[in-house]
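Peer 1: First, the structure itself, so that you have it in front of you.
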Amino acid sequence: MAAASSSTPQPDHVIVWLDENMAVTGNYTSEKELLEAASDLTPPPQPISSQLILAAAPELALEIHEHLIIRPLNMFSDENKCLRFINDSLTAGKKVFLITSGQKGRLIVPQVHNILSRSIYVFCGNRQWHEQWARPYDNDIEIYDDDQGVFGKVISDIAIHYLTKGQNRQDGPTAAAQYLKWSVRLFRSATLIDGIDRTDFINVVNEELADIQPQQPCH
């Protein structure tokens, strides 16, 4: 078994949301706050309002742009700036989950469907229409027309990401236990959002935790 990591594990996921309307500061604030709060694993949490930064703003300095890579939620209105941020995040070793509007999805999905396969979510108002252009990417993306559905799936997929990291135990048992606890927290958050029962996933996490820390299962 790998030796325990000497440092505290840090969350390595980012959510990138590309949408002209959603990215406008002040628009759909409650939706963005919900997704931000559910996906934020950094203790203690910062005030939500300070995290909802429009990463596409041209006045952002380089150091702010780099700092945003650690934030769970990053909003964009421009697909080129979004693509640069995705590449920067991947270079930094982050796991990227991309939500895009249907209109912007037509532009960015062809460029990222290979590198972000199964972590792309098209959130649109006319699902049937957007399914037409998205057909070549059926194996890489999912399409939603309701916020609860897409938010729950994104949070659940982030949970699966940490479950997998915990199962691999490449960073040692201490880090693995932390990843698994994060996954439970995320599975529960996803269920609160979309109402889908994820007990089976949590049971898998508990089995893994029992192997690492028999005295500390999550219920």
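Note on naming: chains are A, B, ... as they come in the structure tokens, residues start from 1 per chain, ligands start from 1 in the order shown.
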Find the nearest atom pair between each residue of segment 64-127 of chain A and segment 12-30 of chain A for residues within 7 Å, count only C-alpha atoms, give distances in Å to one decimal, sort rows by chain and ascending number, and present the table as a tab-separated table.
Peer 2:
residue	atom	partner	partner_atom	distance
A:Ile69	CA	A:Val14	CA	7.0
A:Ile70	CA	A:Val14	CA	6.9
A:Arg71	CA	A:Val14	CA	6.3
A:Pro72	CA	A:Val14	CA	4.5
A:Leu73	CA	A:Ile15	CA	4.8
A:Asn74	CA	A:Val16	CA	5.0
A:Met75	CA	A:Trp17	CA	4.9
A:Phe76	CA	A:Leu18	CA	4.7
A:Ser77	CA	A:Glu20	CA	4.4
A:Glu79	CA	A:Leu18	CA	6.9
A:Cys82	CA	A:Leu18	CA	6.9
A:Lys94	CA	A:Asp12	CA	5.0
A:Lys95	CA	A:His13	CA	4.6
A:Val96	CA	A:Val14	CA	5.1
A:Phe97	CA	A:Ile15	CA	4.8
A:Leu98	CA	A:Val16	CA	4.8
A:Ile99	CA	A:Trp17	CA	4.6
A:Thr100	CA	A:Leu18	CA	4.6
A:Ser101	CA	A:Asp19	CA	5.3
A:Lys104	CA	A:Asp19	CA	6.6
Peer 1: If we count only C-alpha atoms, what is near Gly195 of chain A at a cut-off of 10 Å, once residues fewer than 4 positions away on the same chain are taken out, given as a PyMOL selection string?
Peer 2: chain A and resi 148-149+152+188-191
Peer 1: What does the file look like for those residues with N, CA and C atoms, as a JSON list (two decimals), in the first residue's frame?
Peer 2:
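As a result, out.json now contains:
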[["chain", "number", "residue", "atom", "x", "y", "z"],
["A", 148, "GLN", "N", -32.32, 21.33, -12.05],
["A", 148, "GLN", "CA", -32.13, 20.31, -11.03],
["A", 148, "GLN", "C", -31.49, 19.05, -11.60],
["A", 149, "GLY", "N", -31.90, 18.68, -12.81],
["A", 149, "GLY", "CA", -31.33, 17.51, -13.45],
["A", 149, "GLY", "C", -29.86, 17.67, -13.74],
["A", 152, "GLY", "N", -27.75, 18.12, -10.35],
["A", 152, "GLY", "CA", -27.61, 16.85, -9.64],
["A", 152, "GLY", "C", -26.62, 15.92, -10.31],
["A", 188, "ARG", "N", -24.73, 13.16, -1.31],
["A", 188, "ARG", "CA", -25.87, 13.66, -0.53],
["A", 188, "ARG", "C", -26.37, 14.99, -1.08],
["A", 189, "SER", "N", -25.44, 15.87, -1.46],
["A", 189, "SER", "CA", -25.83, 17.16, -2.02],
["A", 189, "SER", "C", -26.60, 16.96, -3.33],
["A", 190, "ALA", "N", -26.12, 16.03, -4.15],
["A", 190, "ALA", "CA", -26.78, 15.75, -5.43],
["A", 190, "ALA", "C", -28.21, 15.27, -5.20],
["A", 191, "THR", "N", -28.39, 14.40, -4.22],
["A", 191, "THR", "CA", -29.72, 13.88, -3.92],
["A", 191, "THR", "C", -30.65, 14.98, -3.42]]
Peer 1: Do a neighbour search on Phe187 of chain A at 10 Å with only C-alpha atoms, toss out local chain neighbours closer than 6 positions, and write the hits as a short mmCIF file (atom, residue, chain, number, x, y, z; two decimals) with N, CA, C and O atoms, in the first residue's frame.
Peer 2:
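Result file is out_12.cif:
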data_model
loop_
_atom_site.label_atom_id
_atom_site.label_comp_id
_atom_site.auth_asym_id
_atom_site.auth_seq_id
_atom_site.Cartn_x
_atom_site.Cartn_y
_atom_site.Cartn_z
N ALA A 38 -23.04 23.56 -3.47
CA ALA A 38 -23.06 22.10 -3.48
C ALA A 38 -21.71 21.51 -3.88
O ALA A 38 -21.38 20.40 -3.47
N GLY A 152 -27.75 18.12 -10.35
CA GLY A 152 -27.61 16.85 -9.64
C GLY A 152 -26.62 15.92 -10.31
O GLY A 152 -25.82 15.26 -9.65
N LYS A 153 -26.66 15.87 -11.65
CA LYS A 153 -25.74 14.99 -12.38
C LYS A 153 -24.31 15.46 -12.28
O LYS A 153 -23.39 14.65 -12.09
N ILE A 155 -22.91 17.26 -9.84
CA ILE A 155 -22.42 17.02 -8.48
C ILE A 155 -22.19 15.52 -8.25
O ILE A 155 -21.20 15.11 -7.63
N SER A 156 -23.08 14.68 -8.76
CA SER A 156 -22.91 13.24 -8.63
C SER A 156 -21.66 12.76 -9.36
O SER A 156 -20.93 11.89 -8.87
N ASP A 157 -21.40 13.31 -10.55
CA ASP A 157 -20.21 12.91 -11.29
C ASP A 157 -18.92 13.37 -10.60
O ASP A 157 -17.90 12.69 -10.66
N ILE A 158 -18.98 14.52 -9.95
CA ILE A 158 -17.82 14.95 -9.16
C ILE A 158 -17.61 13.97 -8.00
O ILE A 158 -16.48 13.61 -7.66
N ALA A 159 -18.70 13.53 -7.38
CA ALA A 159 -18.62 12.54 -6.31
C ALA A 159 -17.96 11.26 -6.81
O ALA A 159 -17.13 10.66 -6.12
N ILE A 160 -18.34 10.81 -8.00
CA ILE A 160 -17.76 9.59 -8.57
C ILE A 160 -16.27 9.80 -8.83
O ILE A 160 -15.46 8.87 -8.65
N LYS A 181 -14.78 10.62 1.84
CA LYS A 181 -15.71 11.44 2.63
C LYS A 181 -16.28 12.57 1.78
O LYS A 181 -17.46 12.92 1.91
N ILE A 193 -30.59 17.94 -4.39
CA ILE A 193 -30.93 18.77 -5.55
C ILE A 193 -31.95 18.11 -6.46
O ILE A 193 -32.96 18.71 -6.84
N ILE A 196 -32.78 12.05 -6.53
CA ILE A 196 -32.41 10.69 -6.92
C ILE A 196 -31.67 9.99 -5.78
O ILE A 196 -30.71 10.53 -5.22
N ASP A 197 -32.12 8.80 -5.42
CA ASP A 197 -31.52 8.04 -4.33
C ASP A 197 -30.16 7.50 -4.76
O ASP A 197 -30.05 6.78 -5.75
N ARG A 198 -29.12 7.85 -4.01
CA ARG A 198 -27.76 7.39 -4.31
C ARG A 198 -27.20 6.55 -3.17
O ARG A 198 -25.98 6.51 -2.95
N THR A 199 -28.08 5.85 -2.49
CA THR A 199 -27.66 5.01 -1.36
C THR A 199 -26.66 3.96 -1.80
O THR A 199 -25.71 3.65 -1.06
N PHE A 201 -24.39 4.11 -4.07
CA PHE A 201 -23.06 4.71 -4.19
C PHE A 201 -22.45 4.93 -2.81
O PHE A 201 -21.27 4.65 -2.57
N ILE A 202 -23.27 5.44 -1.89
CA ILE A 202 -22.76 5.71 -0.54
C ILE A 202 -22.36 4.40 0.15
O ILE A 202 -21.38 4.36 0.90
#
Peer 1: List the neighbours of Trp129 of chain A out to 12 Å using only C-alpha atoms; skip same-chain residues closer than 5 positions along the sequence, and give me the result as a VMD selection string.
Peer 2: chain A and resid 102 to 103 106 122 124 134 to 135 143 to 145
Peer 1: Create the file for the chosen residues now, containing C-alpha atoms and written as a PDB file, in the first residue's frame.
Peer 2:
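Full text of part-v8.pdb as output:
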ATOM      1  CA  GLY A 102     -26.875  24.830 -26.436  1.00  0.00           C
ATOM      2  CA  GLN A 103     -25.779  27.768 -28.593  1.00  0.00           C
ATOM      3  CA  ARG A 106     -22.237  24.036 -30.826  1.00  0.00           C
ATOM      4  CA  VAL A 122     -25.444  20.826 -22.429  1.00  0.00           C
ATOM      5  CA  CYS A 124     -30.631  24.221 -22.933  1.00  0.00           C
ATOM      6  CA  ALA A 134     -24.982  17.063 -30.747  1.00  0.00           C
ATOM      7  CA  ARG A 135     -25.604  13.653 -32.325  1.00  0.00           C
ATOM      8  CA  ILE A 143     -28.189  17.150 -22.618  1.00  0.00           C
ATOM      9  CA  TYR A 144     -30.542  18.596 -19.982  1.00  0.00           C
ATOM     10  CA  ASP A 145     -33.378  21.089 -20.033  1.00  0.00           C
TER      11      ASP A 145
END
Peer 1: Would you mind listing what lies within 9 Å of segment 162-168 of chain A as a ChimeraX atom specification, with only C-alpha atoms counted and same-chain residues fewer than 6 positions away left out?
Peer 2: /A:11,175-184,201,204-205,208-209
Peer 1: Can I get the selected residues back with N, CA and C atoms, as a compact mmCIF listing (two decimals), in the first residue's frame?
Peer 2:
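Once written, part_19.txt looks like this:
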# COMPACT_ATOMS: atom_id res chain seq x y z
N PRO A 11 -9.17 19.67 -2.94
CA PRO A 11 -10.07 19.38 -4.06
C PRO A 11 -9.41 19.74 -5.38
N ALA A 175 -5.26 10.43 2.44
CA ALA A 175 -5.89 11.17 1.35
C ALA A 175 -7.07 10.40 0.79
N ALA A 176 -6.93 9.08 0.67
CA ALA A 176 -8.02 8.26 0.13
C ALA A 176 -9.26 8.40 1.00
N ALA A 177 -9.09 8.38 2.31
CA ALA A 177 -10.23 8.54 3.21
C ALA A 177 -10.90 9.89 3.02
N GLN A 178 -10.09 10.93 2.82
CA GLN A 178 -10.66 12.27 2.60
C GLN A 178 -11.45 12.32 1.29
N TYR A 179 -10.90 11.73 0.23
CA TYR A 179 -11.61 11.71 -1.04
C TYR A 179 -12.96 11.00 -0.89
N LEU A 180 -12.96 9.90 -0.17
CA LEU A 180 -14.19 9.13 0.01
C LEU A 180 -15.23 9.91 0.82
N LYS A 181 -14.78 10.62 1.84
CA LYS A 181 -15.71 11.44 2.63
C LYS A 181 -16.28 12.57 1.78
N TRP A 182 -15.44 13.15 0.93
CA TRP A 182 -15.95 14.17 0.02
C TRP A 182 -17.01 13.59 -0.90
N SER A 183 -16.78 12.38 -1.37
CA SER A 183 -17.74 11.78 -2.30
C SER A 183 -19.09 11.57 -1.62
N VAL A 184 -19.09 11.16 -0.36
CA VAL A 184 -20.36 11.01 0.37
C VAL A 184 -21.07 12.35 0.47
N PHE A 201 -24.39 4.11 -4.07
CA PHE A 201 -23.06 4.71 -4.19
C PHE A 201 -22.45 4.93 -2.81
N VAL A 204 -21.09 1.82 -1.33
CA VAL A 204 -19.77 1.49 -1.89
C VAL A 204 -18.68 2.29 -1.18
N VAL A 205 -18.95 3.57 -0.96
CA VAL A 205 -17.99 4.42 -0.25
C VAL A 205 -17.75 3.89 1.16
N GLU A 208 -15.41 1.02 1.21
CA GLU A 208 -14.02 1.47 1.03
C GLU A 208 -13.48 2.10 2.31
N LEU A 209 -14.31 2.92 2.95
CA LEU A 209 -13.88 3.57 4.20
C LEU A 209 -13.67 2.56 5.32
Peer 1: So that I can check the secondary structure, give me every residue of segment 87-159 of chain A assigned strand (DSSP E or B) by backbone DSSP, as a PyMOL selection string.
Peer 2: chain A and resi 95-100+120-123+141-144
Peer 1: One decimal, in Å: what's the spacing between atom CA of Glu31 of chain A and atom CA of Asn114 of chain A?
Peer 2: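 Pair atom CA of Glu31 of chain A / atom CA of Asn114 of chain A returns 28.0 Å.
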Peer 1: Looking only at helix (DSSP H, G or I) from DSSP on the backbone, list the matching residues of segment 84-137 of chain A as a ChimeraX atom specification.
Peer 2: /A:84-91,102-112,127-137
Peer 1: Looking at only C-alpha atoms, which of A:Gln132, A:Phe151, A:Asn203, A:Gly172 is the one that sits closest to Ala37 of chain A?
Peer 2: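 Selected residue with least distance to Ala37 of chain A: A:Phe151.
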Peer 1: Could you check the closest approach to Lys32 of chain A for each of A:Ile86, A:His161, A:Asp147, A:Asp194 and tell me which residue wins, using only C-alpha atoms?
Peer 2: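 Nearest to Lys32 of chain A: A:Asp147.
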Peer 1: What gap, in Å, lies between atom CA of Tyr121 of chain A and atom CA of Gln170 of chain A?
Peer 2: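 Those two atoms sit 28.5 Å apart.
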